$ cat work_17.cif   # mmCIF, C-alpha atoms and all ligand atoms
data_model
loop_
_atom_site.group_PDB
_atom_site.id
_atom_site.type_symbol
_atom_site.label_atom_id
_atom_site.label_comp_id
_atom_site.auth_asym_id
_atom_site.auth_seq_id
_atom_site.Cartn_x
_atom_site.Cartn_y
_atom_site.Cartn_z
ATOM 1 C CA MET F 1 21.959 -63.489 63.702
ATOM 2 C CA ILE F 2 22.890 -60.159 65.254
ATOM 3 C CA ASP F 3 26.405 -59.669 66.641
ATOM 4 C CA VAL F 4 25.870 -58.883 70.348
ATOM 5 C CA LYS F 5 29.653 -58.937 71.002
ATOM 6 C CA LYS F 6 30.100 -55.999 68.619
ATOM 7 C CA ILE F 7 27.350 -54.045 70.396
ATOM 8 C CA VAL F 8 28.984 -54.810 73.776
ATOM 9 C CA GLY F 9 32.253 -53.344 72.390
ATOM 10 C CA THR F 10 30.452 -50.173 71.276
ATOM 11 C CA ILE F 11 28.852 -49.721 74.717
ATOM 12 C CA GLU F 12 32.163 -50.303 76.518
ATOM 13 C CA LYS F 13 33.836 -47.668 74.331
ATOM 14 C CA LEU F 14 31.105 -45.139 75.141
ATOM 15 C CA LEU F 15 31.386 -45.865 78.879
ATOM 16 C CA ALA F 16 35.170 -45.407 78.662
ATOM 17 C CA GLU F 17 34.680 -41.924 77.181
ATOM 18 C CA ASP F 18 32.847 -41.169 80.414
ATOM 19 C CA THR F 19 31.018 -37.953 79.512
ATOM 20 C CA PRO F 20 27.307 -37.374 80.280
ATOM 21 C CA GLN F 21 26.755 -37.425 76.507
ATOM 22 C CA SER F 22 28.613 -40.714 75.858
ATOM 23 C CA ILE F 23 26.909 -42.408 78.814
ATOM 24 C CA THR F 24 23.511 -41.362 77.468
ATOM 25 C CA TYR F 25 24.449 -42.796 74.080
ATOM 26 C CA ALA F 26 25.529 -46.003 75.853
ATOM 27 C CA ALA F 27 22.035 -46.236 77.370
ATOM 28 C CA LEU F 28 20.525 -45.811 73.907
ATOM 29 C CA GLU F 29 22.787 -48.566 72.515
ATOM 30 C CA CYS F 30 21.677 -50.852 75.388
ATOM 31 C CA ARG F 31 18.034 -50.198 74.602
ATOM 32 C CA LEU F 32 18.537 -50.835 70.880
ATOM 33 C CA ALA F 33 20.452 -54.023 71.746
ATOM 34 C CA ILE F 34 17.473 -55.335 73.734
ATOM 35 C CA GLU F 35 15.173 -54.673 70.767
ATOM 36 C CA LYS F 36 17.609 -56.344 68.358
ATOM 37 C CA ILE F 37 17.999 -59.436 70.582
ATOM 38 C CA CYS F 38 14.228 -59.897 70.968
ATOM 39 C CA TYR F 39 13.332 -59.109 67.357
ATOM 40 C CA ASP F 40 16.082 -61.454 66.115
ATOM 41 C CA ARG F 41 14.221 -64.320 67.824
ATOM 42 C CA LEU F 42 11.054 -63.156 66.066
ATOM 43 C CA ARG F 43 12.814 -62.986 62.690
ATOM 44 C CA ILE F 44 13.857 -66.625 62.756
ATOM 45 C CA ALA F 45 10.405 -67.661 64.045
ATOM 46 C CA HIS F 46 8.518 -66.028 61.168
ATOM 47 C CA ASP F 47 7.871 -69.383 59.467
ATOM 48 C CA TYR F 48 5.759 -70.249 62.510
ATOM 49 C CA ILE F 49 3.905 -67.053 63.318
ATOM 50 C CA SER F 50 2.273 -64.271 61.360
ATOM 51 C CA PRO F 51 3.249 -60.669 62.143
ATOM 52 C CA HIS F 52 -0.530 -60.069 62.252
ATOM 53 C CA ASP F 53 -0.795 -62.289 65.342
ATOM 54 C CA LEU F 54 1.589 -60.152 67.401
ATOM 55 C CA ARG F 55 -0.678 -58.113 69.580
ATOM 56 C CA ARG F 56 2.046 -56.091 71.278
ATOM 57 C CA TYR F 57 5.365 -54.939 69.890
ATOM 58 C CA ARG F 58 7.438 -54.164 72.977
ATOM 59 C CA PRO F 59 10.505 -56.443 72.943
ATOM 60 C CA GLY F 60 9.599 -58.385 76.109
ATOM 61 C CA ASP F 61 6.012 -58.901 74.896
ATOM 62 C CA VAL F 62 7.179 -60.152 71.488
ATOM 63 C CA VAL F 63 9.302 -62.821 73.178
ATOM 64 C CA LYS F 64 6.406 -63.779 75.483
ATOM 65 C CA THR F 65 4.204 -64.331 72.394
ATOM 66 C CA LEU F 66 6.944 -66.455 70.800
ATOM 67 C CA LEU F 67 7.179 -68.538 73.983
ATOM 68 C CA ALA F 68 3.415 -69.142 73.970
ATOM 69 C CA GLU F 69 2.911 -69.759 70.264
ATOM 70 C CA VAL F 70 6.163 -70.789 68.580
ATOM 71 C CA ASP F 71 8.639 -72.407 70.912
ATOM 72 C CA GLY F 72 8.672 -72.773 74.695
ATOM 73 C CA ASN F 73 12.490 -72.597 74.522
ATOM 74 C CA THR F 74 12.793 -69.345 72.549
ATOM 75 C CA ALA F 75 14.467 -67.651 75.523
ATOM 76 C CA SER F 76 16.233 -70.693 77.043
ATOM 77 C CA ASN F 77 19.894 -71.621 77.243
ATOM 78 C CA LEU F 78 20.315 -74.507 74.797
ATOM 79 C CA THR F 79 23.340 -76.436 73.615
ATOM 80 C CA ILE F 80 23.139 -78.290 70.331
ATOM 81 C CA SER F 81 25.452 -81.254 69.811
ATOM 82 C CA ILE F 82 25.778 -83.886 67.113
ATOM 83 C CA SER F 83 26.913 -87.480 67.659
ATOM 84 C CA ARG F 84 30.167 -88.559 65.974
ATOM 85 C CA GLN F 85 28.441 -91.540 64.342
ATOM 86 C CA PRO F 86 24.891 -91.986 63.002
ATOM 87 C CA SER F 87 22.700 -92.661 66.037
ATOM 88 C CA ASP F 88 21.665 -96.186 64.919
ATOM 89 C CA THR F 89 25.311 -97.397 64.977
ATOM 90 C CA TYR F 90 25.384 -97.028 68.782
ATOM 91 C CA LYS F 91 22.710 -99.721 69.367
ATOM 92 C CA ILE F 92 21.729 -98.024 72.643
ATOM 93 C CA PRO F 93 19.115 -95.358 73.413
ATOM 94 C CA ILE F 94 20.271 -91.831 72.503
ATOM 95 C CA ASP F 95 20.319 -90.656 76.127
ATOM 96 C CA GLN F 96 22.825 -93.417 76.987
ATOM 97 C CA ILE F 97 25.424 -92.428 74.383
ATOM 98 C CA SER F 98 28.538 -91.269 76.297
ATOM 99 C CA ASP F 99 29.390 -87.555 76.481
ATOM 100 C CA THR F 100 32.652 -88.045 74.579
ATOM 101 C CA GLU F 101 30.672 -89.118 71.505
ATOM 102 C CA TRP F 102 28.969 -85.744 71.213
ATOM 103 C CA VAL F 103 30.446 -82.747 69.382
ATOM 104 C CA GLN F 104 29.010 -79.395 70.335
ATOM 105 C CA ILE F 105 27.953 -77.326 67.316
ATOM 106 C CA GLY F 106 26.678 -74.276 69.131
ATOM 107 C CA ALA F 107 24.669 -72.782 71.940
ATOM 108 C CA GLN F 108 21.689 -70.489 72.198
ATOM 109 C CA ALA F 109 21.878 -67.896 74.966
ATOM 110 C CA GLY F 110 18.773 -67.654 77.085
ATOM 111 C CA PHE F 111 17.354 -64.686 78.965
ATOM 112 C CA ASP F 112 14.413 -63.649 81.066
ATOM 113 C CA PRO F 113 12.079 -61.690 78.720
ATOM 114 C CA LYS F 114 10.498 -59.906 81.686
ATOM 115 C CA LYS F 115 13.888 -58.734 82.939
ATOM 116 C CA LEU F 116 14.965 -57.520 79.469
ATOM 117 C CA GLY F 117 11.598 -55.795 79.059
ATOM 118 C CA ASN F 118 12.074 -54.009 82.392
ATOM 119 C CA TYR F 119 15.600 -52.901 81.397
ATOM 120 C CA TRP F 120 14.226 -51.573 78.097
ATOM 121 C CA GLN F 121 11.716 -49.465 80.010
ATOM 122 C CA SER F 122 14.026 -48.305 82.800
ATOM 123 C CA LEU F 123 16.825 -47.240 80.414
ATOM 124 C CA SER F 124 14.349 -44.995 78.677
ATOM 125 C CA ASN F 125 12.982 -43.521 81.899
ATOM 126 C CA LEU F 126 16.436 -42.850 83.291
ATOM 127 C CA ALA F 127 18.429 -41.655 80.288
ATOM 128 C CA LEU F 128 16.418 -41.021 77.163
ATOM 129 C CA HIS F 129 14.080 -38.226 78.195
ATOM 130 C CA VAL F 130 14.702 -34.687 79.324
ATOM 131 C CA ARG F 131 13.366 -33.977 82.808
ATOM 132 C CA LEU F 132 10.305 -31.715 82.954
ATOM 133 C CA PRO F 133 11.037 -28.329 84.581
ATOM 134 C CA LYS F 134 9.318 -28.034 87.962
ATOM 135 C CA SER F 135 9.104 -24.215 87.949
ATOM 136 C CA LYS F 136 10.005 -21.144 85.923
ATOM 137 C CA ASP F 137 13.392 -20.966 87.649
ATOM 138 C CA ASP F 138 14.187 -24.608 86.979
ATOM 139 C CA GLY F 139 16.785 -25.212 84.298
ATOM 140 C CA ILE F 140 16.532 -27.624 81.367
ATOM 141 C CA PRO F 141 19.277 -30.199 81.976
ATOM 142 C CA GLU F 142 21.371 -31.334 79.025
ATOM 143 C CA TYR F 143 21.333 -34.970 80.120
ATOM 144 C CA GLY F 144 20.073 -37.142 82.976
ATOM 145 C CA ASP F 145 21.997 -38.071 86.129
ATOM 146 C CA ALA F 146 25.261 -39.478 84.682
ATOM 147 C CA ALA F 147 26.190 -41.532 87.762
ATOM 148 C CA ARG F 148 22.803 -43.266 87.924
ATOM 149 C CA ILE F 149 22.728 -43.888 84.167
ATOM 150 C CA ARG F 150 26.252 -45.328 84.237
ATOM 151 C CA LYS F 151 25.369 -47.706 87.088
ATOM 152 C CA HIS F 152 22.285 -48.944 85.235
ATOM 153 C CA VAL F 153 24.050 -49.264 81.865
ATOM 154 C CA THR F 154 26.780 -51.351 83.557
ATOM 155 C CA GLU F 155 24.124 -53.693 84.951
ATOM 156 C CA VAL F 156 22.469 -54.103 81.529
ATOM 157 C CA LEU F 157 25.879 -54.529 79.898
ATOM 158 C CA ASP F 158 26.597 -57.556 82.156
ATOM 159 C CA GLU F 159 23.371 -59.151 80.873
ATOM 160 C CA LEU F 160 24.292 -58.349 77.249
ATOM 161 C CA LYS F 161 27.751 -59.915 77.735
ATOM 162 C CA ARG F 162 26.090 -63.109 78.937
ATOM 163 C CA ILE F 163 23.765 -63.181 75.905
ATOM 164 C CA ALA F 164 26.727 -62.421 73.573
ATOM 165 C CA ILE F 165 28.103 -65.912 74.286
ATOM 166 C CA GLY F 166 25.315 -67.467 72.163
ATOM 167 C CA THR F 167 26.424 -68.722 68.742
ATOM 168 C CA LEU F 168 23.119 -69.803 67.245
ATOM 169 C CA LEU F 169 19.347 -69.450 67.478
ATOM 170 C CA THR F 170 16.872 -72.278 67.117
ATOM 171 C CA THR F 171 13.190 -72.365 66.284
ATOM 172 C CA GLY F 172 12.854 -75.247 68.721
ATOM 173 C CA ILE F 173 12.299 -78.935 68.513
ATOM 174 C CA GLY F 174 8.907 -80.574 68.572
ATOM 175 C CA GLU F 175 6.171 -82.043 66.415
ATOM 176 C CA GLU F 176 4.806 -79.805 63.713
ATOM 177 C CA VAL F 177 1.562 -79.634 61.820
ATOM 178 C CA SER F 178 1.207 -77.815 58.548
ATOM 179 C CA PHE F 179 -1.522 -76.666 56.214
ATOM 180 C CA GLU F 180 -1.660 -74.768 52.962
ATOM 181 C CA CYS F 181 -3.251 -71.332 52.832
ATOM 182 C CA GLU F 182 -5.390 -70.004 49.946
ATOM 183 C CA CYS F 183 -2.285 -68.024 48.912
ATOM 184 C CA ALA F 184 -0.459 -71.371 48.480
ATOM 185 C CA ARG F 185 1.965 -70.702 51.336
ATOM 186 C CA ALA F 186 2.714 -73.607 53.640
ATOM 187 C CA ASN F 187 1.986 -72.662 57.256
ATOM 188 C CA ARG F 188 3.771 -74.630 59.958
ATOM 189 C CA ARG F 189 2.897 -74.682 63.631
ATOM 190 C CA ARG F 190 4.286 -76.460 66.667
ATOM 191 C CA SER F 191 1.428 -78.837 67.498
ATOM 192 C CA GLY F 192 2.105 -78.862 71.250
ATOM 193 C CA LEU F 193 1.448 -75.114 71.443
ATOM 194 C CA LEU F 194 -1.831 -75.033 69.481
ATOM 195 C CA ARG F 195 -5.068 -74.565 71.423
ATOM 196 C CA ASN F 196 -8.678 -75.342 70.587
ATOM 197 C CA GLY F 197 -10.401 -72.134 69.506
ATOM 198 C CA GLN F 198 -7.141 -70.325 68.705
ATOM 199 C CA ILE F 199 -7.109 -68.082 65.647
ATOM 200 C CA VAL F 200 -3.946 -68.136 63.537
ATOM 201 C CA SER F 201 -3.166 -65.858 60.621
ATOM 202 C CA CYS F 202 -1.302 -66.926 57.493
ATOM 203 C CA VAL F 203 2.453 -66.258 57.755
ATOM 204 C CA GLY F 204 2.349 -64.264 54.501
ATOM 205 C CA VAL F 205 2.758 -60.565 55.332
ATOM 206 C CA ASP F 206 0.550 -59.629 52.354
ATOM 207 C CA CYS F 207 -2.070 -62.348 53.002
ATOM 208 C CA ASN F 208 -5.387 -61.620 54.743
ATOM 209 C CA GLU F 209 -6.353 -65.198 55.512
ATOM 210 C CA SER F 210 -6.803 -66.517 59.043
ATOM 211 C CA PHE F 211 -7.928 -69.852 60.417
ATOM 212 C CA ASP F 212 -9.842 -71.260 63.386
ATOM 213 C CA VAL F 213 -7.921 -74.048 65.066
ATOM 214 C CA SER F 214 -9.739 -77.103 66.360
ATOM 215 C CA ILE F 215 -8.213 -80.219 67.833
ATOM 216 C CA GLU F 216 -10.062 -83.516 68.015
ATOM 217 C CA ASN F 217 -8.522 -86.874 68.931
ATOM 218 C CA ASN F 218 -5.047 -85.500 68.233
ATOM 219 C CA GLU F 219 -6.126 -84.365 64.772
ATOM 220 C CA PHE F 220 -5.616 -80.689 63.937
ATOM 221 C CA TYR F 221 -8.099 -78.778 61.809
ATOM 222 C CA PHE F 222 -7.557 -75.309 60.346
ATOM 223 C CA VAL F 223 -10.852 -73.842 59.161
ATOM 224 C CA ARG F 224 -10.662 -70.780 56.920
ATOM 225 C CA ARG F 225 -12.351 -67.750 58.513
ATOM 226 C CA VAL F 226 -14.676 -66.053 56.023
ATOM 227 C CA ILE F 227 -17.791 -63.911 56.063
ATOM 228 C CA ARG F 228 -20.361 -65.305 53.615
ATOM 229 C CA PHE F 229 -23.237 -63.438 52.021
ATOM 230 C CA PRO F 230 -25.463 -64.005 48.982
ATOM 231 C CA CYS F 231 -25.195 -62.004 45.759
ATOM 232 C CA GLN F 232 -28.426 -60.856 44.094
ATOM 233 C CA CYS F 233 -27.911 -63.631 41.488
ATOM 234 C CA GLY F 234 -27.977 -66.266 44.215
ATOM 235 C CA GLU F 235 -24.230 -66.935 44.180
ATOM 236 C CA GLN F 236 -22.647 -67.280 47.635
ATOM 237 C CA LEU F 237 -19.825 -64.762 48.115
ATOM 238 C CA ALA F 238 -17.142 -64.866 50.796
ATOM 239 C CA ILE F 239 -14.455 -62.508 52.014
ATOM 240 C CA PRO F 240 -11.651 -63.293 54.486
ATOM 241 C CA THR F 241 -12.838 -62.295 57.968
ATOM 242 C CA ARG F 242 -9.651 -60.330 58.624
ATOM 243 C CA ILE F 243 -10.439 -57.947 55.736
ATOM 244 C CA ALA F 244 -13.815 -57.198 57.354
ATOM 245 C CA GLU F 245 -12.268 -56.902 60.832
ATOM 246 C CA ASN F 246 -9.835 -54.280 59.560
ATOM 247 C CA LEU F 247 -12.544 -52.090 57.978
ATOM 248 C CA LYS F 248 -12.738 -48.734 59.699
ATOM 249 C CA ARG F 249 -15.928 -46.930 60.605
ATOM 250 C CA ASP F 250 -17.604 -45.506 57.481
ATOM 251 C CA GLN F 251 -15.220 -47.424 55.223
ATOM 252 C CA PHE F 252 -16.783 -49.446 52.385
ATOM 253 C CA LEU F 253 -15.636 -52.701 50.935
ATOM 254 C CA ASP F 254 -16.744 -53.452 47.373
ATOM 255 C CA VAL F 255 -17.017 -57.115 46.502
ATOM 256 C CA GLU F 256 -17.585 -58.120 42.892
ATOM 257 C CA CYS F 257 -19.489 -61.287 42.043
ATOM 258 C CA LEU F 258 -17.467 -63.293 39.545
ATOM 259 C CA LYS F 259 -20.672 -64.790 38.082
ATOM 260 C CA CYS F 260 -22.885 -61.730 37.387
ATOM 261 C CA ARG F 261 -20.276 -58.965 37.896
ATOM 262 C CA GLU F 262 -22.622 -57.149 40.293
ATOM 263 C CA ARG F 263 -20.830 -55.246 43.073
ATOM 264 C CA THR F 264 -21.946 -55.609 46.682
ATOM 265 C CA ARG F 265 -20.923 -52.904 49.108
ATOM 266 C CA LEU F 266 -20.182 -53.838 52.742
ATOM 267 C CA MET F 267 -19.633 -51.693 55.828
ATOM 268 C CA TRP F 268 -19.851 -52.040 59.612
ATOM 269 C CA ARG F 269 -23.022 -50.648 61.194
ATOM 270 C CA LEU F 270 -23.778 -49.831 64.808
ATOM 271 C CA MET F 271 -26.700 -51.976 65.991
ATOM 272 C CA ARG F 272 -29.252 -51.313 68.695
ATOM 273 C CA LYS F 273 -30.143 -54.297 70.835
ATOM 274 C CA GLN F 274 -33.203 -54.154 73.057
ATOM 275 C CA PRO F 275 -33.293 -55.998 76.383
ATOM 276 C CA GLU F 276 -34.747 -59.523 75.978
ATOM 277 C CA ALA F 277 -37.988 -58.839 77.933
ATOM 278 C CA GLN F 278 -38.926 -55.793 75.875
ATOM 279 C CA SER F 279 -38.225 -57.277 72.487
ATOM 280 C CA SER F 280 -40.135 -60.501 73.245
ATOM 281 C CA ALA F 281 -43.125 -58.385 74.267
ATOM 282 C CA GLY F 282 -42.986 -56.806 70.831
ATOM 283 C CA GLN F 283 -42.560 -53.286 72.188
ATOM 284 C CA ALA F 284 -39.361 -52.543 70.374
ATOM 285 C CA GLN F 285 -37.220 -54.126 67.708
ATOM 286 C CA SER F 286 -33.508 -54.448 67.297
ATOM 287 C CA GLY F 287 -31.980 -52.979 64.201
ATOM 288 C CA PRO F 288 -29.319 -50.789 62.653
ATOM 289 C CA ILE F 289 -28.991 -47.193 63.814
ATOM 290 C CA ASP F 290 -28.797 -44.565 61.119
ATOM 291 C CA ALA F 291 -25.938 -42.328 62.182
ATOM 292 C CA ARG F 292 -26.783 -39.589 59.657
HETATM 293 ZN ZN ZN N 301 -1.897 -66.966 53.008
HETATM 294 ZN ZN ZN N 302 -23.805 -62.459 41.402
#
$ encode --input "work_17.cif" --output "structure tokens"
Amino acid sequence: MIDVKKIVGTIEKLLAEDTPQSITYAALECRLAIEKICYDRLRIAHDYISPHDLRRYRPGDVVKTLLAEVDGNTASNLTISISRQPSDTYKIPIDQISDTEWVQIGAQAGFDPKKLGNYWQSLSNLALHVRLPKSKDDGIPEYGDAARIRKHVTEVLDELKRIAIGTLLTTGIGEEVSFECECARANRRRSGLLRNGQIVSCVGVDCNESFDVSIENNEFYFVRRVIRFPCQCGEQLAIPTRIAENLKRDQFLDVECLKCRERTRLMWRLMRKQPEAQSSAGQAQSGPIDAR
């Protein structure tokens, strides 16, 4: 877990120096802190989500994806306590055990991912770019407006101080489902956050497998996504869909048949599709376009 208190100390020292340069560096430290805080939540969630399923990498967006797919409490204030005795010795429901019987073991600091994302953007706009000259006579300033940057850094620093109170991070509490990938890795998912029709990738960074999720009568199914095609010897071949999806234009993929050793070459082709009325009248046919 990253040490936000240490970062807060660094920023306070830079603000105390109080030069345009040190205040600009303080803004940079604030921006890095926001990235570290958000990516730290991603790091501990990596057992539950593949890096391939992150569609956007800005810190606020990463946390929003975690909220939707890993844990609805990723960015919440949480306190974790343990009872002094095993729970079954109390002979009463857990929520009726008196407060004095609980020992706090730590707390997760929450934050608003949208607010942190906005700070990340505004710090950059205000402090981390040189202003464009408006005319030939305009000078190139060394730094941005120190007073405005300082005011904004102080505001972000207050938020960082609040987050620095956290002593632990959790991956959440809730029912899990798991399945084994072709690469033998166990993939775990929070069942309450899975949706019918969702596509999930294997958590292995070097694995190309992905799965279609379907839910029926509270049963979860993970169907391997593959593209199948026949070899000339009649054998059915299959490649993980994600390998095909990542093929660039004009890039070939060679697939070797393990039975007859023949190689099949695959590539994406642009297709022409005629309007329904025309093609049913037999005037034109759909088919691949030869780009060369
Ligand atoms: Zn895998
Ligand atoms: Zn074959």
$ resolve_selection --input "work_17.cif" --expression "the PyMOL selection byres (((chain F and resi 4) around 12) and not hetatm)" --output "PyMOL selection string"
chain F and resi 1-3+5-11+29-30+32-38+40+109+157-168
$ residues_near_ligand --input "work_17.cif" --ligand "ligand ZN 302 (chain N)" --cutoff "7 Å" --atoms "all atoms listed in the file" --output "list in words"
Cys231, Gln232, Cys233, Gly234, Glu235, Cys257, Leu258, Lys259, Cys260, Arg261 and Glu262 of chain F
$ resolve_selection --input "work_17.cif" --expression "the PyMOL selection byres (((not hetatm)) within 6 of (chain N and resi 301))" --output "PDB file with C-alpha atoms, in the frame of the given file"
ATOM      1  CA  CYS F 181      -3.251 -71.332  52.832  1.00  0.00           C
ATOM      2  CA  GLU F 182      -5.390 -70.004  49.946  1.00  0.00           C
ATOM      3  CA  CYS F 183      -2.285 -68.024  48.912  1.00  0.00           C
ATOM      4  CA  ARG F 185       1.965 -70.702  51.336  1.00  0.00           C
ATOM      5  CA  CYS F 202      -1.302 -66.926  57.493  1.00  0.00           C
ATOM      6  CA  GLY F 204       2.349 -64.264  54.501  1.00  0.00           C
ATOM      7  CA  CYS F 207      -2.070 -62.348  53.002  1.00  0.00           C
ATOM      8  CA  GLU F 209      -6.353 -65.198  55.512  1.00  0.00           C
TER       9      GLU F 209
END
$ residues_around --input "work_17.cif" --residues "stretch 141-147 of chain F" --least-positions-apart "3" --cutoff "10 Å" --atoms "only C-alpha atoms" --output "mmCIF file with C-alpha atoms, in the frame of the given file"
data_model
loop_
_atom_site.group_PDB
_atom_site.id
_atom_site.type_symbol
_atom_site.label_atom_id
_atom_site.label_comp_id
_atom_site.auth_asym_id
_atom_site.auth_seq_id
_atom_site.Cartn_x
_atom_site.Cartn_y
_atom_site.Cartn_z
ATOM 1 C CA ASP F 18 32.847 -41.169 80.414
ATOM 2 C CA THR F 19 31.018 -37.953 79.512
ATOM 3 C CA PRO F 20 27.307 -37.374 80.280
ATOM 4 C CA GLN F 21 26.755 -37.425 76.507
ATOM 5 C CA SER F 22 28.613 -40.714 75.858
ATOM 6 C CA ILE F 23 26.909 -42.408 78.814
ATOM 7 C CA THR F 24 23.511 -41.362 77.468
ATOM 8 C CA ASN F 125 12.982 -43.521 81.899
ATOM 9 C CA LEU F 126 16.436 -42.850 83.291
ATOM 10 C CA ALA F 127 18.429 -41.655 80.288
ATOM 11 C CA LEU F 128 16.418 -41.021 77.163
ATOM 12 C CA HIS F 129 14.080 -38.226 78.195
ATOM 13 C CA VAL F 130 14.702 -34.687 79.324
ATOM 14 C CA ARG F 131 13.366 -33.977 82.808
ATOM 15 C CA LEU F 132 10.305 -31.715 82.954
ATOM 16 C CA PRO F 133 11.037 -28.329 84.581
ATOM 17 C CA ASP F 138 14.187 -24.608 86.979
ATOM 18 C CA ARG F 150 26.252 -45.328 84.237
ATOM 19 C CA LYS F 151 25.369 -47.706 87.088
ATOM 20 C CA HIS F 152 22.285 -48.944 85.235
ATOM 21 C CA VAL F 153 24.050 -49.264 81.865
#
$ atom_distance --input "work_17.cif" --atom1 "atom CA of F:Arg189" --atom2 "atom CA of F:Tyr48"
5.4 Å
$ atom_distance --input "work_17.cif" --atom1 "atom CA of F:Ser210" --atom2 "atom CA of F:Arg228"
14.7 Å
$ atom_distance --input "work_17.cif" --atom1 "atom CA of F:Tyr25" --atom2 "atom CA of F:Thr154"
13.0 Å
$ resolve_selection --input "work_17.cif" --expression "the PyMOL selection byres (((chain F and resi 252) around 7) and not hetatm)" --output "list in words"
Asp250, Gln251, Leu253, Asp254, Arg265, Leu266 and Met267 of chain F
$ closest_residue --input "work_17.cif" --among "F:Pro93, F:Gly106, F:Pro86, F:Gly117" --to "F:Gly60" --atoms "all atoms listed in the file"
F:Gly117
$ closest_residue --input "work_17.cif" --among "F:Asn208, F:Thr65, F:Ser81, F:Thr170" --to "F:Gln108" --atoms "only C-alpha atoms"
F:Thr170
$ residues_near_point --input "work_17.cif" --point "(-29.2, -50.0, 66.5)" --cutoff "7 Å" --atoms "all atoms listed in the file" --output "PyMOL selection string"
chain F and resi 270-273+286-289
$ closest_residue --input "work_17.cif" --among "F:Glu101, F:Asp95, F:Glu69, F:Asp61" --to "F:Leu193" --atoms "only C-alpha atoms"
F:Glu69
$ closest_residue --input "work_17.cif" --among "F:Gln104, F:Trp120, F:Ala238, F:Val70" --to "F:Ser191" --atoms "only C-alpha atoms"
F:Val70
$ closest_residue --input "work_17.cif" --among "F:Ile173, F:Val223, F:Leu14, F:Leu66" --to "F:Asn196" --atoms "all atoms listed in the file"
F:Val223
$ closest_residue --input "work_17.cif" --among "F:Asp99, F:Glu276, F:Glu256, F:Glu219" --to "F:Val177" --atoms "all atoms listed in the file"
F:Glu219
$ axis_aligned_box --input "work_17.cif" --around "stretch 112-117 of chain F" --padding-each-side "6 Å" --output "JSON"
{"center_x": 12.7, "center_y": -59.7, "center_z": 80.8, "size_x": 16.5, "size_y": 19.9, "size_z": 16.2}
